[in-house]
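Structure file model.cif (mmCIF, C-alpha atoms and all ligand atoms) follows.
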data_coords
#
loop_
_atom_site.label_atom_id
_atom_site.label_comp_id
_atom_site.auth_asym_id
_atom_site.auth_seq_id
_atom_site.Cartn_x
_atom_site.Cartn_y
_atom_site.Cartn_z
CA MET V 777 202.92 33.38 101.62
CA LYS V 778 205.94 33.90 99.43
CA LYS V 779 208.37 31.06 98.84
CA LYS V 780 211.53 30.93 100.93
CA SER V 781 210.43 33.64 103.32
CA SER V 782 211.06 31.71 106.54
CA SER V 783 214.24 32.45 108.47
CA LYS V 784 217.18 30.09 108.28
CA ASP V 785 217.42 29.85 112.06
CA PHE V 786 213.79 28.87 112.56
CA VAL V 787 213.58 26.01 115.08
CA TRP V 788 210.95 23.34 114.50
CA ARG V 789 209.49 22.43 117.90
CA ARG V 790 206.69 19.95 117.16
CA LYS V 791 207.48 16.42 118.25
CA HIS V 792 204.26 15.12 116.67
CA LEU V 793 202.35 16.01 113.52
CA LEU V 794 198.73 15.65 114.57
CA GLY V 795 197.01 18.24 112.38
CA LEU V 796 197.41 21.54 110.55
CA LYS V 797 194.88 23.45 112.66
CA GLY V 798 196.88 25.88 114.78
CA MET V 799 200.11 25.49 112.81
CA SER V 800 201.65 28.89 112.10
CA ALA V 801 202.59 30.28 108.68
CA ASP V 802 206.27 30.20 109.73
CA GLU V 803 206.02 26.50 110.58
CA LEU V 804 204.31 25.70 107.29
CA ILE V 805 206.91 27.64 105.29
CA HIS V 806 209.79 26.01 107.15
CA LEU V 807 208.32 22.61 106.42
CA PHE V 808 207.90 23.43 102.71
CA ASN V 809 211.47 24.74 102.46
CA THR V 810 212.74 21.55 104.13
CA ALA V 811 210.67 19.45 101.70
CA GLU V 812 212.20 21.34 98.76
CA GLY V 813 215.63 20.20 99.93
CA PHE V 814 214.45 16.60 100.12
CA LYS V 815 212.89 16.84 96.68
CA GLU V 816 216.30 17.72 95.35
CA ILE V 817 217.74 14.55 96.99
CA SER V 818 215.00 12.48 95.32
CA GLN V 819 216.24 13.68 91.94
CA ARG V 820 219.84 12.51 92.49
CA SER V 821 221.07 9.16 91.22
CA ILE V 822 221.69 8.04 94.83
CA LYS V 823 218.42 8.96 96.47
CA LYS V 824 219.36 8.32 100.10
CA ALA V 825 220.15 10.69 102.95
CA PRO V 826 221.52 9.40 106.26
CA ALA V 827 219.36 11.75 108.37
CA LEU V 828 217.47 9.03 110.28
CA ARG V 829 220.03 6.25 110.24
CA GLY V 830 219.46 3.87 113.17
CA LYS V 831 215.87 5.04 113.78
CA VAL V 832 212.87 2.72 113.58
CA VAL V 833 209.47 3.86 112.28
CA GLY V 834 206.24 1.91 112.76
CA ASN V 835 203.71 2.21 109.92
CA LEU V 836 200.41 1.51 111.72
CA PHE V 837 197.52 1.41 109.27
CA PHE V 838 194.13 0.50 110.67
CA GLU V 839 192.43 1.57 107.43
CA ASP V 840 193.23 0.77 103.80
CA SER V 841 195.71 2.95 101.99
CA THR V 842 197.80 2.88 98.82
CA ARG V 843 199.55 6.22 98.40
CA THR V 844 199.99 7.38 101.97
CA ARG V 845 201.30 4.10 103.28
CA THR V 846 203.81 3.45 100.49
CA SER V 847 204.87 7.08 100.44
CA PHE V 848 205.72 6.97 104.16
CA ALA V 849 207.53 3.64 103.71
CA LEU V 850 209.63 5.08 100.89
CA ALA V 851 210.28 8.31 102.80
CA VAL V 852 211.55 6.29 105.78
CA SER V 853 213.83 4.24 103.55
CA ARG V 854 215.18 7.35 101.75
CA LEU V 855 216.16 8.75 105.15
CA SER V 856 217.99 5.48 105.93
CA ALA V 857 215.72 4.44 108.83
CA ASP V 858 214.06 1.04 109.28
CA ILE V 859 210.33 0.51 108.94
CA VAL V 860 208.03 -1.95 110.68
CA GLU V 861 204.81 -2.49 108.73
CA PHE V 862 201.71 -3.16 110.74
CA THR V 863 198.16 -3.79 109.52
CA ALA V 864 195.15 -4.12 111.78
CA LYS V 865 193.80 -7.19 110.01
CA ALA V 866 196.99 -9.19 110.60
CA SER V 867 197.49 -8.10 114.21
CA SER V 868 196.23 -8.72 117.75
CA LEU V 869 193.79 -5.85 117.33
CA SER V 870 191.47 -8.41 115.80
CA LYS V 871 191.83 -10.29 119.14
CA GLY V 872 190.69 -7.28 121.19
CA GLU V 873 193.96 -5.49 121.98
CA THR V 874 193.59 -1.71 122.34
CA LEU V 875 195.40 0.78 120.10
CA ARG V 876 197.32 2.02 123.15
CA ASP V 877 198.51 -1.47 124.15
CA THR V 878 199.50 -2.28 120.58
CA ALA V 879 201.52 0.92 120.29
CA ARG V 880 203.17 0.50 123.71
CA ASN V 881 204.24 -3.01 122.76
CA LEU V 882 205.74 -1.75 119.53
CA GLU V 883 207.48 0.99 121.48
CA ALA V 884 208.90 -1.60 123.86
CA MET V 885 210.61 -3.08 120.80
CA GLY V 886 212.38 0.24 120.21
CA ILE V 887 210.18 2.16 117.78
CA ASP V 888 211.14 5.86 117.63
CA MET V 889 208.31 7.15 115.46
CA VAL V 890 204.80 5.98 114.68
CA VAL V 891 202.83 6.81 111.55
CA VAL V 892 199.19 6.07 112.26
CA ARG V 893 195.99 5.92 110.22
CA HIS V 894 192.78 5.12 112.06
CA LYS V 895 189.04 5.40 111.49
CA ALA V 896 188.56 7.27 114.78
CA GLY V 897 189.11 11.03 114.82
CA GLY V 898 191.57 11.79 117.64
CA ALA V 899 193.41 8.43 117.44
CA ALA V 900 196.76 10.06 116.65
CA ASN V 901 196.27 12.55 119.45
CA LEU V 902 195.49 9.78 121.91
CA LEU V 903 198.60 7.86 120.89
CA SER V 904 200.80 10.92 121.32
CA GLN V 905 199.67 11.10 124.94
CA CYS V 906 200.46 7.51 125.83
CA ILE V 907 203.75 6.74 124.11
CA ASP V 908 207.13 8.50 124.02
CA ALA V 909 207.66 8.00 120.28
CA CYS V 910 206.92 10.80 117.79
CA VAL V 911 203.44 10.38 116.30
CA ILE V 912 202.53 11.36 112.73
CA ASN V 913 198.87 11.40 111.78
CA ALA V 914 198.30 9.67 108.42
CA GLY V 915 194.53 10.30 108.58
CA ASP V 916 192.18 10.01 111.58
CA GLY V 917 188.48 9.60 110.83
CA TYR V 918 187.03 12.81 109.38
CA HIS V 919 189.38 14.91 111.48
CA GLU V 920 192.69 15.61 109.68
CA HIS V 921 195.14 14.24 107.14
CA PRO V 922 197.99 16.71 107.66
CA THR V 923 200.56 15.27 105.24
CA GLN V 924 197.97 15.28 102.42
CA GLY V 925 197.12 18.92 103.20
CA LEU V 926 200.83 19.77 103.21
CA LEU V 927 201.59 18.04 99.93
CA ASP V 928 198.59 19.67 98.27
CA ILE V 929 199.72 23.14 99.33
CA PHE V 930 203.38 22.37 98.55
CA THR V 931 202.23 21.51 95.01
CA ILE V 932 200.23 24.74 94.64
CA ARG V 933 203.22 26.69 95.96
CA GLU V 934 205.54 25.13 93.38
CA LEU V 935 203.26 26.34 90.60
CA ARG V 936 202.15 29.70 91.98
CA GLN V 937 204.88 30.82 94.45
CA ASP V 938 202.43 32.77 96.59
CA ILE V 939 199.42 31.16 98.29
CA LYS V 940 198.09 34.48 99.59
CA GLY V 941 195.04 35.68 97.71
CA LEU V 942 194.51 32.46 95.74
CA LYS V 943 190.95 31.20 95.42
CA VAL V 944 190.79 27.48 96.16
CA ALA V 945 187.64 25.39 95.72
CA ILE V 946 187.40 22.07 97.53
CA VAL V 947 184.65 20.19 95.76
CA GLY V 948 182.57 17.17 96.74
CA ASP V 949 182.18 15.16 99.92
CA ILE V 950 183.50 17.62 102.49
CA ALA V 951 181.49 16.08 105.33
CA HIS V 952 183.56 12.89 105.37
CA SER V 953 186.88 14.37 104.30
CA ARG V 954 189.89 14.75 106.57
CA VAL V 955 191.80 15.98 103.51
CA ALA V 956 189.42 18.95 103.24
CA ARG V 957 189.87 19.91 106.89
CA SER V 958 193.67 19.89 106.77
CA ASN V 959 193.63 21.91 103.55
CA ILE V 960 191.15 24.43 104.96
CA TRP V 961 193.21 25.22 108.07
CA ALA V 962 196.56 25.60 106.36
CA LEU V 963 195.25 27.43 103.28
CA HIS V 964 193.48 29.89 105.54
CA THR V 965 196.65 30.43 107.62
CA LEU V 966 198.59 31.16 104.45
CA GLY V 967 196.03 33.70 103.21
CA ALA V 968 194.11 31.77 100.55
CA GLU V 969 190.36 32.13 100.15
CA VAL V 970 188.72 28.71 100.53
CA PHE V 971 185.40 27.77 98.91
CA LEU V 972 183.60 24.53 99.80
CA VAL V 973 181.48 23.30 96.92
CA GLY V 974 179.00 20.43 97.08
CA PRO V 975 175.43 19.47 97.93
CA PRO V 976 174.16 20.55 101.38
CA THR V 977 174.04 16.90 102.48
CA LEU V 978 177.82 16.57 101.97
CA MET V 979 178.75 19.68 103.98
CA PRO V 980 180.02 19.21 107.55
CA SER V 981 177.48 20.04 110.27
CA ALA V 982 179.68 22.75 111.85
CA VAL V 983 180.59 24.36 108.52
CA SER V 984 179.73 27.84 109.80
CA GLN V 985 182.69 27.57 112.20
CA LEU V 986 185.16 27.00 109.38
CA PRO V 987 186.99 29.91 107.64
CA VAL V 988 185.34 29.18 104.28
CA THR V 989 182.64 30.29 101.84
CA VAL V 990 180.07 27.58 101.12
CA CYS V 991 178.65 27.25 97.63
CA HIS V 992 176.19 24.73 96.22
CA ASP V 993 176.42 25.90 92.61
CA PHE V 994 179.78 24.86 91.13
CA ASP V 995 179.13 26.50 87.76
CA SER V 996 178.59 29.90 89.36
CA ILE V 997 182.09 30.07 90.86
CA ILE V 998 184.34 27.81 88.79
CA GLY V 999 185.48 30.68 86.55
CA GLN V 1000 186.99 32.62 89.49
CA MET V 1001 188.98 29.74 90.98
CA ASP V 1002 192.77 29.30 90.84
CA VAL V 1003 192.66 25.76 92.23
CA LEU V 1004 190.03 23.01 92.07
CA ASN V 1005 190.64 20.22 94.59
CA MET V 1006 188.22 17.41 93.71
CA LEU V 1007 187.26 14.93 96.44
CA ARG V 1008 185.97 11.41 96.25
CA VAL V 1009 182.51 10.62 97.63
CA GLN V 1010 183.59 8.45 100.59
CA PHE V 1011 180.87 5.83 100.34
CA GLU V 1012 182.55 3.59 102.94
CA ARG V 1013 182.01 6.32 105.56
CA ILE V 1014 178.43 7.21 104.63
CA GLY V 1015 175.85 5.45 106.80
CA SER V 1016 172.61 6.42 105.07
CA PRO V 1017 172.15 7.60 101.49
CA VAL V 1018 172.99 11.31 101.19
CA ILE V 1019 172.98 11.58 97.41
CA PRO V 1020 169.68 10.78 95.75
CA SER V 1021 171.37 9.89 92.45
CA LEU V 1022 174.97 9.50 91.33
CA LEU V 1023 174.05 10.75 87.89
CA GLU V 1024 172.61 13.90 89.41
CA TYR V 1025 175.72 14.36 91.60
CA SER V 1026 178.00 14.08 88.58
CA ARG V 1027 175.87 16.44 86.55
CA LEU V 1028 176.16 19.14 89.21
CA PHE V 1029 179.61 18.62 90.73
CA ALA V 1030 181.88 16.49 88.53
CA LEU V 1031 184.83 18.16 86.86
CA THR V 1032 184.15 17.37 83.23
CA GLU V 1033 185.80 18.65 80.07
CA LYS V 1034 182.67 20.66 79.43
CA ARG V 1035 182.82 22.31 82.86
CA MET V 1036 186.55 22.98 82.43
CA GLU V 1037 185.65 25.29 79.55
CA LYS V 1038 184.32 27.72 82.18
CA ALA V 1039 187.50 27.57 84.30
CA LYS V 1040 190.62 29.76 84.04
CA SER V 1041 192.95 28.32 81.40
CA ASP V 1042 195.73 27.78 83.99
CA VAL V 1043 193.50 26.46 86.79
CA ILE V 1044 195.25 23.81 88.95
CA VAL V 1045 193.24 20.57 89.09
CA MET V 1046 193.98 18.42 92.13
CA HIS V 1047 192.74 15.15 93.59
CA PRO V 1048 194.13 13.32 96.65
CA GLY V 1049 193.21 9.91 95.21
CA PRO V 1050 191.81 7.35 95.02
CA MET V 1051 189.85 8.79 92.10
CA ASN V 1052 186.47 7.54 90.99
CA ARG V 1053 186.86 8.40 87.33
CA GLY V 1054 183.57 9.38 85.77
CA LEU V 1055 181.97 10.24 89.11
CA GLU V 1056 183.74 13.31 90.60
CA ILE V 1057 186.23 13.81 87.77
CA GLU V 1058 186.25 12.88 84.09
CA GLY V 1059 189.22 10.69 83.12
CA THR V 1060 190.41 13.11 80.42
CA VAL V 1061 190.50 15.96 82.97
CA ALA V 1062 192.34 13.81 85.53
CA ASP V 1063 194.95 13.05 82.87
CA GLY V 1064 194.79 16.47 81.24
CA PRO V 1065 197.29 19.36 81.16
CA ASN V 1066 195.92 21.15 84.24
CA SER V 1067 195.99 18.05 86.45
CA THR V 1068 198.60 17.78 89.21
CA VAL V 1069 197.46 14.38 90.46
CA LEU V 1070 200.79 12.61 89.91
CA ARG V 1071 202.87 15.66 90.86
CA GLN V 1072 201.00 15.57 94.20
CA VAL V 1073 202.04 11.95 94.70
CA SER V 1074 205.70 12.71 93.90
CA ASN V 1075 205.69 15.74 96.18
CA GLY V 1076 204.13 13.65 98.95
CA LEU V 1077 207.37 11.76 99.26
CA ALA V 1078 209.48 14.90 99.84
CA VAL V 1079 206.90 16.35 102.22
CA ARG V 1080 206.82 13.14 104.29
CA MET V 1081 210.62 13.04 104.40
CA ALA V 1082 210.53 16.59 105.75
CA VAL V 1083 207.94 15.70 108.38
CA LEU V 1084 209.87 12.64 109.60
CA PHE V 1085 213.09 14.64 109.69
CA LEU V 1086 211.62 17.60 111.58
CA VAL V 1087 209.68 15.70 114.24
CA ASN V 1088 212.80 13.65 114.93
CA GLN V 1089 214.78 16.89 115.37
CA ALA V 1090 212.15 18.26 117.75
CA SER V 1091 212.20 15.07 119.82
CA LYS V 1092 215.80 15.88 120.77
CA LEU V 1093 214.91 19.30 122.23
CA PRO V 1094 214.54 19.71 126.01
CA ALA V 1095 210.90 19.12 127.07
CA ASP V 1096 210.29 22.79 127.88
CA GLU V 1097 211.35 23.86 124.37
CA ARG V 1098 209.20 21.31 122.54
CA ILE V 1099 205.57 21.36 121.51
CA ASP V 1100 204.17 17.95 122.45
CA SER V 1101 200.57 18.46 121.35
C1 LIG T 1 192.28 10.23 101.24
C2 LIG T 1 192.04 9.63 102.61
O1 LIG T 1 192.31 8.46 102.87
O2 LIG T 1 191.59 10.40 103.44
N1 LIG T 1 193.20 9.57 100.44
C3 LIG T 1 194.55 9.73 100.61
O3 LIG T 1 195.07 9.59 101.69
N2 LIG T 1 195.28 10.05 99.53
C4 LIG T 1 191.04 10.56 100.53
C5 LIG T 1 190.08 9.47 100.18
O4 LIG T 1 190.15 8.35 100.67
O5 LIG T 1 189.17 9.76 99.38
#

Can the structure in the file be given as structure tokens, please?
Ligand code: NCD
Amino acid sequence: MKKKSSSKDFVWRRKHLLGLKGMSADELIHLFNTAEGFKEISQRSIKKAPALRGKVVGNLFFEDSTRTRTSFALAVSRLSADIVEFTAKASSLSKGETLRDTARNLEAMGIDMVVVRHKAGGAANLLSQCIDACVINAGDGYHEHPTQGLLDIFTIRELRQDIKGLKVAIVGDIAHSRVARSNIWALHTLGAEVFLVGPPTLMPSAVSQLPVTVCHDFDSIIGQMDVLNMLRVQFERIGSPVIPSLLEYSRLFALTEKRMEKAKSDVIVMHPGPMNRGLEIEGTVADGPNSTVLRQVSNGLAVRMAVLFLVNQASKLPADERIDS
């Protein structure tokens, strides 16, 4: 995928952003080009665009979040829309109301778009079927986290121009990672070669159905990689112990300064956050010259502005010209 190769008259048709599986290369490129425009706005002294003036966005987070939630809130405000913040703990969900009823009530108050994070895979999809508002998936269970996948690839694209042919290792707890899944689908669509690295117990059960190469020996492949995307071990999602010892895990899979000596000198080091410094990544590597951790966060804002802008555009198309799934 070369930068800027999508046509100017490409029409974005997706009313919802539910996942990156099935999204075409043209769609991904159009989204990245749109995000580049918004990044430029973010660098001006007046950082606002009137694109969504008068629109209302609901930020529905049923799971904890720092980056994704604030990034969406800021993206909404930069596009001049209003945001309604909603957390499960402070809502009627704790009194037994269903997700669907909660969302329909919010919609009855005039919400145009819903950003949703939920512990159940498929929650965003379900919502998109029962409300008229645009739905943006901010992470559903282990399923997908499309805006994280997009911002990761947008960041790689900024540094390398062409995704095609790059070797990308996603390292760590793949089994519980929605970030990994979104990255895998879009990287594959854009022609990258994806390697999943981690212990067998942290690989997804249906890994053979994914377009990836599985590797349990990080040291044997690190030298060939262009990108290392380090994942957190998601202890809150793990029911029974899957790692016999944290020390052992770190010894085999952590990105340490020592291990970096085996990597290409310009390797891109990524992490979606939150980082467990000292477990999956050494602090000096996370803060080191190859790390794009904070660049990812900055780019997330532009990518989310692009997503909000595009789904809103699609929602105005006649039903037979839109993609509603
Ligand atoms: C990720 C998530 O919530 O899926 N974080 C994020 O959104 N930046 C990854 C994680 O929690 O480890």

Using all atoms listed in the file, find each residue of chain V with at least one atom at most 9 Å away from an atom of ligand LIG 1 (chain T); report its shortest atom-to-atom pair and that distance in Å (one decimal), sort the rows by chain and rising residue number, and return the result as a tab-separated table.
residue	atom	partner	partner_atom	distance
V:Glu839	CA	T:LIG1	O1	8.3
V:Asp840	CA	T:LIG1	O1	7.8
V:Ser841	CA	T:LIG1	O1	6.5
V:Thr842	CA	T:LIG1	N2	7.6
V:Arg843	CA	T:LIG1	N2	5.8
V:Thr844	CA	T:LIG1	O3	5.4
V:Arg845	CA	T:LIG1	O3	8.5
V:Arg893	CA	T:LIG1	O1	8.6
V:Ala914	CA	T:LIG1	O3	7.5
V:Gly915	CA	T:LIG1	O2	5.9
V:Asp916	CA	T:LIG1	O2	8.2
V:Gly917	CA	T:LIG1	O2	8.1
V:Tyr918	CA	T:LIG1	O2	7.9
V:Glu920	CA	T:LIG1	O2	8.2
V:His921	CA	T:LIG1	O2	6.4
V:Thr923	CA	T:LIG1	O3	8.7
V:Gln924	CA	T:LIG1	O3	6.4
V:Asp949	CA	T:LIG1	O5	8.8
V:His952	CA	T:LIG1	O2	8.6
V:Ser953	CA	T:LIG1	O2	6.2
V:Arg954	CA	T:LIG1	O2	5.6
V:Val955	CA	T:LIG1	O2	5.6
V:Ala956	CA	T:LIG1	O2	8.8
V:Leu1007	CA	T:LIG1	O5	6.2
V:Arg1008	CA	T:LIG1	O5	4.8
V:Val1009	CA	T:LIG1	O5	6.9
V:Gln1010	CA	T:LIG1	O5	5.9
V:His1047	CA	T:LIG1	N2	8.2
V:Pro1048	CA	T:LIG1	N2	4.5
V:Gly1049	CA	T:LIG1	N2	4.8
V:Pro1050	CA	T:LIG1	O5	5.6
V:Met1051	CA	T:LIG1	O5	7.4
V:Val1073	CA	T:LIG1	N2	8.5

For CA of Leu927 in chain V and CA of Asp858 in chain V, the interatomic separation in Å (one decimal):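 Straight-line distance from CA of Leu927 in chain V to CA of Asp858 in chain V works out to 23.1 Å.
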
Selected residue of minimal separation from Ile932 in chain V among V:Val1045, V:Ile912, V:Cys991, V:Val983, counting all atoms listed in the file: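 For Ile932 in chain V, the nearest of the candidates is V:Val1045.
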
Nearby residues (only C-alpha atoms) at most 12 Å from Gly1054 in chain V, same-chain spacing under 6 positions excluded, as a ChimeraX atom specification: /V:1008-1009,1022-1023,1025-1027,1029-1033,1060-1062

Keeping only C-alpha atoms, write the selected residues to a file as a PDB file, in the coordinates of the input.
ATOM      1  CA  ARG V1008     185.970  11.410  96.250  1.00  0.00           C
ATOM      2  CA  VAL V1009     182.510  10.620  97.630  1.00  0.00           C
ATOM      3  CA  LEU V1022     174.970   9.500  91.330  1.00  0.00           C
ATOM      4  CA  LEU V1023     174.050  10.750  87.890  1.00  0.00           C
ATOM      5  CA  TYR V1025     175.720  14.360  91.600  1.00  0.00           C
ATOM      6  CA  SER V1026     178.000  14.080  88.580  1.00  0.00           C
ATOM      7  CA  ARG V1027     175.870  16.440  86.550  1.00  0.00           C
ATOM      8  CA  PHE V1029     179.610  18.620  90.730  1.00  0.00           C
ATOM      9  CA  ALA V1030     181.880  16.490  88.530  1.00  0.00           C
ATOM     10  CA  LEU V1031     184.830  18.160  86.860  1.00  0.00           C
ATOM     11  CA  THR V1032     184.150  17.370  83.230  1.00  0.00           C
ATOM     12  CA  GLU V1033     185.800  18.650  80.070  1.00  0.00           C
ATOM     13  CA  THR V1060     190.410  13.110  80.420  1.00  0.00           C
ATOM     14  CA  VAL V1061     190.500  15.960  82.970  1.00  0.00           C
ATOM     15  CA  ALA V1062     192.340  13.810  85.530  1.00  0.00           C
TER      16      ALA V1062
END

Contacts of range 894-903 of chain V within 12 Å, all atoms listed in the file, excl. fewer than 4 positions in-chain, as JSON, numbers by chain: {"V": [791, 792, 793, 794, 795, 835, 836, 837, 838, 839, 840, 841, 863, 864, 874, 875, 876, 877, 878, 879, 880, 883, 889, 890, 907, 908, 909, 910, 911, 912, 913, 914, 915, 916, 917, 918, 919, 920, 921, 922, 952, 953, 954, 957, 1012, 1013, 1100, 1101]}

Gap from CA of Asp928 in chain V to CA of Lys815 in chain V - Å, one decimal: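 Interatomic distance here is 14.7 Å.
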
Residue nearest Leu807 in chain V among V:Val787, V:Ala849, V:Ala827, V:Val892 (counting only C-alpha atoms):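 Checking each candidate against Leu807 in chain V, we get V:Val787 as the closest.
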
Close residues, Gln819 in chain V itself excluded, 12 Å, all atoms listed in the file, min 2 positions apart in chain, as a ChimeraX atom specification: /V:812-817,821-824,854,1074-1075,1077-1078

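You can rank V:Ala811, V:Met1006, V:Ala825, V:Val1087 by their closest distance to Arg1053 in chain V using all atoms listed in the file, and at the top of that list sits V:Met1006.
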
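Proximity to Thr989 in chain V was assessed for V:Glu969, V:Asp1002, V:Asp1042, V:Asp1063 counting all atoms listed in the file; the smallest distance is recorded for V:Glu969.
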
Test item: residues at most 6 Å from range 959-967 of chain V, all atoms listed in the file, excluding those fewer than 4 positions along its chain, as JSON, numbers by chain: {"V": [777, 796, 797, 801, 925, 940, 941]}

Would you place a box with edges along x, y and z of the file around all atoms of range 893-902 of chain V listed there, add 3 Å to each of its six sides, and report the centre and edge lengths in Å to one decimal, as lines of an AutoDock Vina configuration file?
center_x = 192.7
center_y = 8.8
center_z = 116.1
size_x = 14.2
size_y = 13.4
size_z = 17.7

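Distances from V:Val1069, V:Leu804, V:Val1003, V:Arg789 to Leu1093 in chain V were compared using all atoms listed in the file, and the smallest one belongs to V:Arg789.
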
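Note that the spacing between CA of Leu882 in chain V and CA of Ser904 in chain V amounts to 13.7 Å.
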
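If all atoms listed in the file are the atoms counted, then among V:Asp995, V:Ser800, V:Asn1052, V:Phe971 the closest residue to Phe1011 in chain V is V:Asn1052.
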
Residues near Gly974 in chain V, cut-off 9 Å, all atoms listed in the file, skip fewer than 5 positions along chain, as a PyMOL selection string: chain V and resi 946-950+979+990-994+1025+1028-1029

Since the input is missing atoms, can you rebuild all heavy atoms for range 914-920 of chain V and write them as a compact mmCIF listing (two decimals), in the coordinates of the input?
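The resulting file, result.txt, is shown below:
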# COMPACT_ATOMS: atom_id res chain seq x y z
N ALA V 914 198.44 9.97 109.85
CA ALA V 914 198.30 9.67 108.42
C ALA V 914 196.82 9.61 108.04
O ALA V 914 196.45 8.98 107.05
CB ALA V 914 199.00 8.36 108.09
N GLY V 915 195.97 10.27 108.85
CA GLY V 915 194.53 10.30 108.58
C GLY V 915 193.78 9.69 109.75
O GLY V 915 193.94 8.50 110.03
N ASP V 916 192.99 10.53 110.45
CA ASP V 916 192.18 10.01 111.58
C ASP V 916 190.71 10.38 111.38
O ASP V 916 190.32 11.53 111.51
CB ASP V 916 192.73 10.49 112.94
CG ASP V 916 192.70 12.00 113.11
OD1 ASP V 916 192.80 12.73 112.09
OD2 ASP V 916 192.54 12.47 114.26
N GLY V 917 189.92 9.39 111.04
CA GLY V 917 188.48 9.60 110.83
C GLY V 917 188.23 10.73 109.86
O GLY V 917 188.87 10.81 108.80
N TYR V 918 187.31 11.65 110.24
CA TYR V 918 187.03 12.81 109.38
C TYR V 918 187.87 14.01 109.83
O TYR V 918 187.69 15.11 109.36
CB TYR V 918 185.57 13.29 109.47
CG TYR V 918 184.48 12.28 109.38
CD1 TYR V 918 183.21 12.58 109.87
CD2 TYR V 918 184.68 11.05 108.77
CE1 TYR V 918 182.18 11.68 109.78
CE2 TYR V 918 183.65 10.14 108.68
CZ TYR V 918 182.40 10.46 109.19
OH TYR V 918 181.37 9.58 109.09
N HIS V 919 188.74 13.79 110.80
CA HIS V 919 189.38 14.91 111.48
C HIS V 919 190.44 15.60 110.63
O HIS V 919 190.20 16.70 110.13
CB HIS V 919 189.94 14.40 112.82
CG HIS V 919 190.70 15.41 113.59
ND1 HIS V 919 191.94 15.16 114.10
CD2 HIS V 919 190.41 16.69 113.91
CE1 HIS V 919 192.37 16.25 114.74
NE2 HIS V 919 191.46 17.18 114.64
N GLU V 920 191.62 14.96 110.45
CA GLU V 920 192.69 15.61 109.68
C GLU V 920 193.54 14.58 108.94
O GLU V 920 193.58 13.40 109.31
CB GLU V 920 193.59 16.44 110.60
CG GLU V 920 192.99 17.79 110.99
CD GLU V 920 193.98 18.95 110.87
OE1 GLU V 920 194.83 18.93 109.96
OE2 GLU V 920 193.87 19.88 111.68
